[in-house]
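Everything below belongs to coords02.csv, which stores CSV, C-alpha atoms.
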```csv
chain,number,residue,atom,x,y,z
A,1239,MET,CA,-45.2,33.4,13.5
A,1240,LYS,CA,-43.7,35.7,16.0
A,1241,LEU,CA,-42.3,38.8,14.2
A,1242,ARG,CA,-39.5,40.7,15.8
A,1243,ARG,CA,-38.6,43.1,13.0
A,1244,SER,CA,-38.9,46.4,14.9
A,1245,MET,CA,-37.7,47.0,18.5
A,1246,LEU,CA,-38.5,50.7,19.4
A,1247,PHE,CA,-36.3,52.3,22.1
A,1248,LEU,CA,-38.1,54.6,24.5
A,1249,PRO,CA,-36.3,56.7,27.1
A,1250,GLY,CA,-37.6,55.3,30.4
A,1251,ALA,CA,-37.9,58.7,32.1
A,1252,ASN,CA,-40.1,60.2,29.4
A,1253,ALA,CA,-43.7,60.1,30.6
A,1254,ALA,CA,-45.3,61.3,27.4
A,1255,MET,CA,-43.5,58.7,25.2
A,1256,LEU,CA,-44.3,55.9,27.6
A,1257,SER,CA,-48.0,56.9,27.7
A,1258,THR,CA,-48.4,57.0,23.9
A,1259,ALA,CA,-45.8,54.9,22.1
A,1260,PHE,CA,-48.2,51.9,21.7
A,1261,VAL,CA,-49.9,53.8,18.8
A,1262,PHE,CA,-46.8,53.3,16.7
A,1263,LYS,CA,-47.3,49.5,16.9
A,1264,PRO,CA,-43.7,48.2,16.7
A,1265,ASP,CA,-43.3,44.5,17.1
A,1266,SER,CA,-41.4,45.1,20.4
A,1267,ILE,CA,-41.3,48.2,22.6
A,1268,MET,CA,-38.2,48.6,24.6
A,1269,PHE,CA,-38.2,50.9,27.7
A,1270,ASP,CA,-34.7,52.0,28.3
A,1271,LEU,CA,-33.4,52.4,31.8
A,1272,GLU,CA,-29.7,52.5,30.8
A,1273,ASP,CA,-28.0,55.0,28.5
A,1274,ALA,CA,-31.1,57.1,27.7
A,1275,VAL,CA,-31.6,58.0,31.4
A,1276,SER,CA,-29.4,60.4,33.3
A,1277,LEU,CA,-27.9,59.3,36.6
A,1278,ARG,CA,-30.2,61.7,38.6
A,1279,GLU,CA,-33.3,60.3,36.9
A,1280,LYS,CA,-32.6,56.5,37.3
A,1281,ASP,CA,-35.0,56.2,40.2
A,1282,ALA,CA,-37.8,58.1,38.5
A,1283,ALA,CA,-37.4,56.1,35.2
A,1284,ARG,CA,-37.5,52.8,37.1
A,1285,ILE,CA,-40.7,53.6,38.8
A,1286,LEU,CA,-42.3,55.0,35.7
A,1287,VAL,CA,-41.4,52.0,33.6
A,1288,PHE,CA,-42.7,49.7,36.5
A,1289,HIS,CA,-46.1,51.4,36.1
A,1290,ALA,CA,-46.0,51.6,32.2
A,1291,LEU,CA,-45.5,47.8,32.0
A,1292,GLN,CA,-48.7,47.3,33.9
A,1293,MET,CA,-50.8,49.6,31.7
A,1294,PRO,CA,-53.6,47.4,30.1
A,1295,ILE,CA,-52.8,48.9,26.7
A,1296,TYR,CA,-49.3,47.3,26.8
A,1297,ARG,CA,-50.5,44.1,28.4
A,1298,GLU,CA,-53.3,43.5,25.9
A,1299,SER,CA,-51.9,44.9,22.7
A,1300,GLY,CA,-49.8,41.8,21.8
A,1301,MET,CA,-46.8,44.0,21.6
A,1302,GLU,CA,-43.8,42.5,23.3
A,1303,THR,CA,-42.4,44.6,26.1
A,1304,VAL,CA,-38.7,44.7,26.6
A,1305,VAL,CA,-36.7,46.6,29.2
A,1306,ARG,CA,-33.0,47.4,28.9
A,1307,ILE,CA,-31.8,47.4,32.5
A,1308,ASN,CA,-28.6,48.9,33.7
A,1309,PRO,CA,-25.7,46.4,34.1
A,1310,LEU,CA,-26.0,44.2,37.2
A,1311,SER,CA,-22.6,45.4,38.2
A,1312,SER,CA,-23.8,49.0,38.4
A,1313,PRO,CA,-25.6,50.5,41.4
A,1314,PHE,CA,-28.9,50.4,39.5
A,1315,GLY,CA,-29.1,47.1,37.7
A,1316,MET,CA,-30.4,44.9,40.5
A,1317,GLU,CA,-33.2,47.2,41.5
A,1318,ASP,CA,-34.1,47.7,37.8
A,1319,LEU,CA,-34.5,43.9,37.6
A,1320,GLU,CA,-36.6,43.7,40.7
A,1321,ALA,CA,-39.0,46.3,39.3
A,1322,VAL,CA,-39.4,45.0,35.8
A,1323,VAL,CA,-39.7,41.2,36.6
A,1324,ARG,CA,-42.4,42.0,39.2
A,1325,ALA,CA,-44.2,44.3,36.7
A,1326,GLY,CA,-44.5,41.5,34.2
A,1327,VAL,CA,-42.0,42.5,31.5
A,1328,ASP,CA,-41.8,40.0,28.6
A,1329,VAL,CA,-38.1,40.3,28.0
A,1330,VAL,CA,-35.2,41.7,30.0
A,1331,ARG,CA,-32.4,43.1,27.8
A,1332,LEU,CA,-29.0,42.9,29.4
A,1333,PRO,CA,-26.5,45.5,28.1
A,1334,LYS,CA,-22.8,45.0,27.7
A,1335,THR,CA,-22.9,41.2,27.7
A,1336,ASP,CA,-19.3,40.0,27.5
A,1337,THR,CA,-19.5,36.4,28.5
A,1338,ALA,CA,-22.0,33.6,29.1
A,1339,GLU,CA,-21.4,34.1,32.8
A,1340,ASP,CA,-23.2,37.5,32.6
A,1341,VAL,CA,-26.3,35.7,31.3
A,1342,HIS,CA,-26.0,33.0,34.0
A,1343,GLN,CA,-25.9,35.6,36.7
A,1344,LEU,CA,-28.9,37.4,35.2
A,1345,GLU,CA,-30.9,34.2,34.9
A,1346,ALA,CA,-30.2,33.3,38.5
A,1347,GLU,CA,-31.4,36.7,39.7
A,1348,VAL,CA,-34.5,36.6,37.5
A,1349,GLU,CA,-35.4,33.2,38.8
A,1350,ARG,CA,-35.0,34.3,42.4
A,1351,ILE,CA,-37.3,37.3,41.8
A,1352,GLU,CA,-39.9,35.2,40.0
A,1353,ARG,CA,-40.0,32.8,43.0
A,1354,ALA,CA,-40.2,35.7,45.4
A,1355,CYS,CA,-43.1,37.5,43.7
A,1356,GLY,CA,-45.0,34.4,42.6
A,1357,ARG,CA,-44.4,34.8,38.9
A,1358,GLU,CA,-44.2,31.6,36.9
A,1359,VAL,CA,-40.6,30.5,36.9
A,1360,GLY,CA,-39.2,30.7,33.3
A,1361,SER,CA,-41.8,33.2,32.1
A,1362,THR,CA,-39.4,36.1,32.0
A,1363,LYS,CA,-37.4,35.9,28.8
A,1364,LEU,CA,-34.0,37.4,28.2
A,1365,MET,CA,-32.0,39.1,25.5
A,1366,ALA,CA,-28.3,39.8,25.5
A,1367,ALA,CA,-26.8,42.9,23.9
A,1368,ILE,CA,-23.3,42.4,22.6
A,1369,GLU,CA,-21.3,45.6,22.7
A,1370,SER,CA,-17.7,44.7,22.8
A,1371,ALA,CA,-15.0,42.6,21.1
A,1372,SER,CA,-15.2,40.2,24.0
A,1373,GLY,CA,-19.0,39.8,23.5
A,1374,VAL,CA,-18.5,39.2,19.7
A,1375,VAL,CA,-15.8,36.6,20.3
A,1376,ASN,CA,-18.0,34.9,23.0
A,1377,ALA,CA,-21.2,35.2,20.9
A,1378,VAL,CA,-21.8,31.5,20.6
A,1379,SER,CA,-21.5,30.7,24.3
A,1380,ILE,CA,-23.6,33.8,25.1
A,1381,ALA,CA,-26.3,32.7,22.7
A,1382,MET,CA,-26.3,29.2,24.2
A,1383,ALA,CA,-26.2,30.4,27.8
A,1384,SER,CA,-29.9,30.2,28.7
A,1385,LYS,CA,-33.1,28.7,27.5
A,1386,ARG,CA,-34.7,32.0,28.4
A,1387,LEU,CA,-32.8,33.8,25.6
A,1388,ILE,CA,-35.1,34.9,22.8
A,1389,GLY,CA,-32.3,36.6,20.9
A,1390,ILE,CA,-29.0,38.4,20.9
A,1391,ALA,CA,-28.5,42.0,19.7
A,1392,LEU,CA,-25.6,43.9,18.3
A,1393,ALA,CA,-25.2,47.3,19.9
A,1394,ALA,CA,-22.8,49.3,17.7
A,1395,PHE,CA,-21.8,52.5,19.6
A,1396,ASP,CA,-19.9,50.8,22.4
A,1397,TYR,CA,-18.7,48.1,20.0
A,1398,VAL,CA,-17.0,50.5,17.6
A,1399,MET,CA,-15.4,52.3,20.5
A,1400,ASP,CA,-14.1,49.1,21.9
A,1401,MET,CA,-12.7,48.3,18.4
A,1402,GLN,CA,-11.0,51.7,18.3
A,1403,THR,CA,-13.0,52.8,15.2
A,1404,GLN,CA,-16.2,54.6,14.5
A,1405,ARG,CA,-19.5,54.2,12.6
A,1406,GLY,CA,-19.0,54.5,8.8
A,1407,ASP,CA,-20.3,52.7,5.8
A,1408,GLY,CA,-21.1,49.5,7.7
A,1409,SER,CA,-17.8,47.7,6.9
A,1410,GLU,CA,-16.7,48.4,10.5
A,1411,LEU,CA,-19.6,46.1,11.7
A,1412,TYR,CA,-19.3,43.4,9.1
A,1413,TYR,CA,-17.5,40.8,11.3
A,1414,ALA,CA,-19.6,41.6,14.3
A,1415,ARG,CA,-22.8,41.3,12.4
A,1416,CYS,CA,-21.8,38.0,10.9
A,1417,ALA,CA,-20.6,36.6,14.2
A,1418,VAL,CA,-23.7,37.6,16.1
A,1419,LEU,CA,-25.9,36.3,13.4
A,1420,HIS,CA,-24.1,32.9,13.2
A,1421,ALA,CA,-24.2,32.5,17.0
A,1422,ALA,CA,-28.0,33.2,17.0
A,1423,ARG,CA,-28.7,30.8,14.2
A,1424,TYR,CA,-26.6,28.1,15.9
A,1425,ALA,CA,-28.5,28.6,19.1
A,1426,LYS,CA,-31.9,28.8,17.2
A,1427,ILE,CA,-32.7,32.2,18.6
A,1428,ASP,CA,-33.3,35.6,17.0
A,1429,ALA,CA,-30.7,38.2,15.9
A,1430,PHE,CA,-31.2,42.0,16.1
A,1431,ASP,CA,-29.1,44.6,14.4
A,1432,ALA,CA,-28.0,47.9,15.8
A,1433,VAL,CA,-29.8,51.2,15.6
A,1434,PHE,CA,-29.4,53.6,12.6
A,1435,SER,CA,-29.1,56.9,14.3
A,1436,ASP,CA,-29.6,59.4,11.5
A,1437,VAL,CA,-33.4,59.6,11.6
A,1438,ASN,CA,-33.5,62.1,8.6
A,1439,ASP,CA,-31.7,59.7,6.3
A,1440,ASP,CA,-34.4,57.4,5.0
A,1441,ALA,CA,-32.3,56.2,2.0
A,1442,GLY,CA,-29.3,55.3,4.3
A,1443,PHE,CA,-31.7,53.6,6.7
A,1444,LEU,CA,-33.3,51.5,4.0
A,1445,LYS,CA,-29.9,50.6,2.5
A,1446,GLU,CA,-28.8,49.3,5.9
A,1447,VAL,CA,-32.1,47.5,6.4
A,1448,ASP,CA,-31.7,45.8,3.0
A,1449,LEU,CA,-28.2,44.6,4.0
A,1450,ILE,CA,-29.2,43.2,7.4
A,1451,LYS,CA,-32.3,41.5,5.9
A,1452,ARG,CA,-30.1,39.8,3.3
A,1453,LEU,CA,-27.6,38.8,5.9
A,1454,GLY,CA,-30.5,37.1,7.8
A,1455,PHE,CA,-31.3,39.3,10.8
A,1456,ASN,CA,-34.8,39.1,12.3
A,1457,GLY,CA,-35.0,42.8,12.9
A,1458,LYS,CA,-33.4,46.0,14.1
A,1459,SER,CA,-33.4,48.3,17.1
A,1460,LEU,CA,-35.0,51.6,16.3
A,1461,ILE,CA,-34.8,55.0,17.9
A,1462,ASN,CA,-37.6,56.8,16.0
A,1463,PRO,CA,-41.1,55.7,15.4
A,1464,ARG,CA,-40.9,57.0,11.8
A,1465,GLN,CA,-38.5,54.1,11.0
A,1466,ILE,CA,-41.1,51.4,11.9
A,1467,GLU,CA,-43.2,51.5,8.8
A,1468,LEU,CA,-40.1,51.8,6.5
A,1469,LEU,CA,-38.6,48.7,8.2
A,1470,HIS,CA,-41.8,46.6,8.2
A,1471,ASN,CA,-42.4,47.4,4.6
A,1472,ALA,CA,-38.8,46.4,3.6
A,1473,PHE,CA,-39.1,43.1,5.5
A,1474,ALA,CA,-42.5,42.2,3.9
A,1475,PRO,CA,-42.4,39.8,1.0
A,1476,THR,CA,-43.3,41.2,-2.4
A,1477,ASP,CA,-46.5,40.0,-4.2
A,1478,GLU,CA,-44.2,38.3,-6.8
A,1479,GLU,CA,-42.4,36.4,-4.0
A,1480,VAL,CA,-45.7,35.3,-2.5
A,1481,ASP,CA,-47.0,34.2,-5.9
A,1482,TYR,CA,-43.9,32.2,-6.6
A,1483,SER,CA,-43.9,30.7,-3.1
A,1484,ARG,CA,-47.5,29.6,-3.5
A,1485,ARG,CA,-46.6,27.9,-6.8
A,1486,VAL,CA,-43.6,26.2,-5.2
A,1487,VAL,CA,-45.7,24.9,-2.3
A,1488,ALA,CA,-48.5,23.7,-4.7
A,1489,ALA,CA,-45.9,22.0,-6.9
A,1490,ALA,CA,-44.4,20.3,-3.9
A,1491,LEU,CA,-47.8,19.0,-2.7
A,1492,ASP,CA,-48.6,17.8,-6.2
A,1493,GLY,CA,-45.2,16.0,-6.4
A,1494,GLU,CA,-45.8,14.4,-3.0
A,1495,LYS,CA,-49.2,13.0,-4.2
A,1496,GLN,CA,-47.6,11.6,-7.2
A,1497,GLY,CA,-44.8,10.1,-5.2
A,1498,LEU,CA,-42.1,12.0,-7.1
A,1499,GLY,CA,-38.7,12.4,-5.4
A,1500,VAL,CA,-37.7,15.4,-7.4
A,1501,ILE,CA,-40.1,18.0,-8.7
A,1502,SER,CA,-39.7,20.9,-11.1
A,1503,LEU,CA,-41.4,24.3,-11.6
A,1504,ASN,CA,-41.0,26.1,-14.9
A,1505,GLY,CA,-38.1,23.7,-15.8
A,1506,LYS,CA,-36.2,24.4,-12.5
A,1507,MET,CA,-35.6,21.8,-9.9
A,1508,ILE,CA,-37.4,22.4,-6.6
A,1509,ASP,CA,-35.7,20.8,-3.6
A,1510,ALA,CA,-36.4,20.8,0.2
A,1511,PRO,CA,-34.7,24.1,1.1
A,1512,ILE,CA,-36.6,26.0,-1.6
A,1513,ILE,CA,-39.9,24.5,-0.4
A,1514,GLU,CA,-39.1,25.4,3.2
A,1515,HIS,CA,-38.1,28.9,2.1
A,1516,ALA,CA,-41.4,29.3,0.2
A,1517,ARG,CA,-43.3,28.2,3.3
A,1518,VAL,CA,-41.4,30.8,5.4
A,1519,VAL,CA,-42.3,33.5,2.9
A,1520,LEU,CA,-46.0,32.6,3.0
A,1521,ARG,CA,-46.0,32.6,6.8
A,1522,ARG,CA,-44.3,36.0,6.8
A,1523,ALA,CA,-46.8,37.3,4.3
A,1524,ALA,CA,-49.7,36.0,6.5
A,1525,ALA,CA,-48.2,37.7,9.5
A,1526,SER,CA,-47.1,41.0,8.0
A,1527,GLY,CA,-48.9,41.5,4.7
A,1528,THR,CA,-47.0,42.1,1.4
A,1529,ARG,CA,-44.7,45.0,0.5
A,1530,LYS,CA,-46.4,48.2,-0.6
B,1158,MET,CA,-41.8,56.7,56.3
B,1159,LYS,CA,-41.5,60.4,57.1
B,1160,ILE,CA,-40.9,63.4,54.8
B,1161,VAL,CA,-37.7,65.0,56.1
B,1162,ARG,CA,-36.5,67.2,53.2
B,1163,GLU,CA,-37.9,69.0,50.2
B,1164,ALA,CA,-37.8,67.1,46.9
B,1165,LEU,CA,-39.0,67.4,43.3
B,1166,ALA,CA,-40.0,64.9,40.6
B,1167,GLY,CA,-41.4,64.9,37.1
B,1168,THR,CA,-41.4,67.5,34.4
B,1169,LEU,CA,-43.7,70.2,33.0
B,1170,GLU,CA,-43.9,68.4,29.6
B,1171,SER,CA,-47.3,67.4,28.2
B,1172,SER,CA,-48.6,64.1,29.7
B,1173,ASP,CA,-46.4,64.5,32.7
B,1174,LEU,CA,-46.6,66.4,36.0
B,1175,MET,CA,-44.2,68.1,38.4
B,1176,VAL,CA,-44.5,67.3,42.0
B,1177,ARG,CA,-42.8,69.2,44.9
B,1178,ILE,CA,-43.0,67.8,48.4
B,1179,ALA,CA,-41.9,69.4,51.7
B,1180,PRO,CA,-42.1,68.4,55.4
B,1181,ARG,CA,-45.1,69.4,57.4
B,1182,ASP,CA,-45.8,68.9,61.1
B,1183,ALA,CA,-49.2,67.2,60.7
B,1184,GLY,CA,-51.7,66.5,58.0
B,1185,LEU,CA,-51.5,66.4,54.2
B,1186,GLU,CA,-51.8,69.6,52.2
B,1187,ILE,CA,-52.2,69.0,48.5
B,1188,VAL,CA,-52.1,72.0,46.1
B,1189,LEU,CA,-53.2,71.1,42.6
B,1190,GLN,CA,-52.7,73.1,39.4
B,1191,SER,CA,-54.0,71.5,36.2
B,1192,GLU,CA,-55.3,72.6,32.8
B,1193,VAL,CA,-58.0,69.9,33.3
B,1194,ILE,CA,-58.8,70.7,36.9
B,1195,HIS,CA,-62.5,71.1,36.3
B,1196,GLN,CA,-62.9,67.6,34.6
B,1197,PHE,CA,-60.2,65.6,36.5
B,1198,GLY,CA,-59.1,67.7,39.5
B,1199,ALA,CA,-61.0,65.5,42.0
B,1200,GLN,CA,-59.6,62.3,40.4
B,1201,ILE,CA,-56.0,63.5,40.4
B,1202,GLU,CA,-56.2,64.5,44.0
B,1203,ALA,CA,-57.8,61.1,44.9
B,1204,VAL,CA,-55.0,59.3,43.1
B,1205,ALA,CA,-52.4,61.4,44.9
B,1206,ARG,CA,-54.0,60.8,48.4
B,1207,GLU,CA,-54.3,57.1,47.8
B,1208,THR,CA,-50.7,56.8,46.6
B,1209,LEU,CA,-49.4,58.8,49.6
B,1210,GLU,CA,-51.6,56.8,52.0
B,1211,LYS,CA,-50.2,53.5,50.7
B,1212,LEU,CA,-46.7,54.8,51.4
B,1213,GLY,CA,-47.7,55.7,54.9
B,1214,ILE,CA,-47.2,59.5,54.3
B,1215,ASP,CA,-49.7,61.4,56.5
B,1216,ALA,CA,-47.8,64.7,56.9
B,1217,ALA,CA,-46.5,66.7,54.0
B,1218,GLN,CA,-47.1,69.6,51.7
B,1219,VAL,CA,-47.5,68.4,48.1
B,1220,ILE,CA,-47.7,70.8,45.2
B,1221,ILE,CA,-48.7,69.2,41.9
B,1222,GLU,CA,-48.5,70.9,38.5
B,1223,ASP,CA,-50.3,68.5,36.2
B,1224,LYS,CA,-50.0,68.6,32.4
B,1225,GLY,CA,-52.5,65.9,31.6
B,1226,ALA,CA,-50.7,62.9,33.0
B,1227,LEU,CA,-52.3,59.4,33.2
B,1228,ASP,CA,-53.1,58.0,36.6
B,1229,CYS,CA,-50.1,55.6,36.4
B,1230,VAL,CA,-47.8,58.6,35.7
B,1231,ILE,CA,-49.2,60.5,38.7
B,1232,ARG,CA,-48.5,57.5,40.9
B,1233,ALA,CA,-45.0,57.1,39.6
B,1234,ARG,CA,-44.1,60.7,40.1
B,1235,LEU,CA,-45.5,60.8,43.6
B,1236,GLN,CA,-43.7,57.6,44.6
B,1237,THR,CA,-40.5,59.0,43.2
B,1238,VAL,CA,-40.8,62.3,45.1
B,1239,VAL,CA,-41.5,60.5,48.3
B,1240,ARG,CA,-38.5,58.2,47.8
B,1241,ARG,CA,-36.3,61.3,47.4
B,1242,ALA,CA,-37.8,63.2,50.4
B,1243,ALA,CA,-38.2,60.4,52.9
B,1244,ASP,CA,-36.0,59.6,55.9
B,1245,GLU,CA,-35.8,56.0,54.7
B,1246,TRP,CA,-37.3,54.1,51.8
B,1247,THR,CA,-39.1,51.0,53.1
B,1248,ALA,CA,-41.7,50.4,50.4
B,1249,ASP,CA,-41.3,47.2,48.4
B,1250,TRP,CA,-42.6,46.9,44.8
B,1251,SER,CA,-45.8,45.2,45.9
B,1252,VAL,CA,-46.8,48.4,47.7
B,1253,LEU,CA,-46.0,50.5,44.6
B,1254,ALA,CA,-48.1,48.4,42.2
```

Written as structure tokens, that's how I'd like the structure from this file.
Amino acid sequence: MKLRRSMLFLPGANAAMLSTAFVFKPDSIMFDLEDAVSLREKDAARILVFHALQMPIYRESGMETVVRINPLSSPFGMEDLEAVVRAGVDVVRLPKTDTAEDVHQLEAEVERIERACGREVGSTKLMAAIESASGVVNAVSIAMASKRLIGIALAAFDYVMDMQTQRGDGSELYYARCAVLHAARYAKIDAFDAVFSDVNDDAGFLKEVDLIKRLGFNGKSLINPRQIELLHNAFAPTDEEVDYSRRVVAAALDGEKQGLGVISLNGKMIDAPIIEHARVVLRRAAASGTRK
Amino acid sequence: MKIVREALAGTLESSDLMVRIAPRDAGLEIVLQSEVIHQFGAQIEAVARETLEKLGIDAAQVIIEDKGALDCVIRARLQTVVRRAADEWTADWSVLA
């Protein structure tokens, strides 16, 4: 089971962070060439990330590498793409995705670069970040735009600006979160929530994590390594959930042997969605361990 | 490619290096300062020379202040400074790898 709970942002121009961030073991590590890099350091960050992607520690760690490139319409986006596809990045994250056409354009360029450098066509995966009202309204067509898409992500800062509001208690993101999530589930890809920017507010972070987990998000973008363990623990099933899931699966197998159409556990009916959910919990526990 | 102007790349933060480059009539002059010069000085200079050679730079003054950077960071900073100081940037990504 591929877990994508934590996606840690790293500023692409920061050599120290790029050299050491693997020790934090997020599920995905995201080198940022866009907003975290000043205009005068775009060239330096691109070359640094090009080399970091080829470090054996990232290639062999099993950690998924993601690069947020600059928009293809900017003076930097195309060169970013050339660098990271050639360096073997796992996933290219496209910022400010407003329409499916943005994804089509990215996909065409990625395929051209793969052919030019001899990389297997289709091996570079994509992620689209939705950061505007247009992106949210077009979320379904964006999510369906390419077989290379592994997920779509909500990016909140630009979105709330576009909506003429600001970050607050989360109500300002409610529609966008639900729209992005439904689009992702419809397209059978992953959904990622926005960053929680106050790194000193663990309680607020965990409250938001609880909300997005219950909504159904796969994970969240993070800006501080300290948030990784909190997030992973919150996403891990409890011992009680694992114990109950084991009993559900055992009861289902038993019922199957006996040819029963309907089975019950402790007097409660167990149907197919409950059995499938129990299997998901067991797979997640096997991949992540249980909550501490 | 030819170095035609002075340029700077990198930082003095830990695990990074700062590289300054300037035009020179002939030959490479590399000045290296590093807290780990006794253990890694020769290796840092070798990485620098190899990186410049692959870019076709055979005349420049290069001053490196190393703060314990990995080899790949040294390559990245040197490639960046050459890109900023060269008359034209003709290297493709296969040369930088």

Distance of atom CA of Phe1395 of chain A from atom CA of Ala1472 of chain A, expressed in Å to one decimal place: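 Computed distance, atom CA of Ala1472 of chain A to atom CA of Phe1395 of chain A, equals 24.1 Å.
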
Would you pick out the contacts of Leu1449 of chain A at 12 Å or less, using only C-alpha atoms, so that residues sharing its chain but fewer than 6 positions from it are not included, and give the list as a ChimeraX atom specification? /A:1407-1409,1411-1412,1415-1416,1431,1442-1443,1455-1458,1469,1472-1473

Skip Val1437 of chain A itself and residues of its chain fewer than 3 positions away, then list as a VMD selection string all residues within 9 Å of it, counting only C-alpha atoms. chain A and resid 1434 1440 1443 1461 to 1462 1464 to 1465

So that I can check the surroundings of segment 1166-1173 of chain B, please list as number ranges by chain every protein, DNA and RNA residue that reaches within 8 Å of it, counting all atoms listed in the file and ignoring chain neighbours fewer than 3 positions away. A: 1253-1254, 1257, 1282; B: 1176-1177, 1222-1227, 1230-1231, 1234-1235, 1237-1238

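The interatomic distance for the pair atom CA of Asp1340 of chain A and atom CA of Ala1248 of chain B works out to 28.7 Å.
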
Atom CA of Lys1334 of chain A to atom CA of Ser1311 of chain A, straight-line distance in Å: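 Taking atom CA of Ser1311 of chain A and atom CA of Lys1334 of chain A, their separation equals 10.5 Å.
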
So, with all atoms listed in the file as the atoms that count, which of B:Glu1245, B:Asp1228, B:Glu1192, B:Glu1207 lies closest to chain A? B:Asp1228

Of the candidates B:Ala1233, B:Thr1208, B:Ala1243, B:Val1252, which shows the shortest atom-to-atom distance to chain A, using all atoms listed in the file?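 Counting all atoms listed in the file, the residue closest to chain A is B:Ala1233.
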
Using all atoms listed in the file, can you tell me which of B:Leu1253, B:Gly1184, B:Ile1160, B:Ala1179 comes closest to Asp1215 of chain B? B:Gly1184

Neighbour list for Ile1178 of chain B as a list in words, cut-off 6 Å, only C-alpha atoms, skip fewer than 6 positions in-chain: Glu1163, Ala1164, Gln1218 and Val1219 of chain B

Only residues of chain A matter here; which ones have an atom within 10 Å of chain B, counting only C-alpha atoms? Give them as a PyMOL selection string. chain A and resi 1251-1258+1279+1281-1290+1292-1293+1317+1320-1322+1324-1325+1355

Contacts of Thr1528 of chain A at 7 Å (only C-alpha atoms; same-chain gap of 6+ positions) as a list of chain:residue names: A:Ala1474, A:Pro1475, A:Thr1476, A:Asp1477
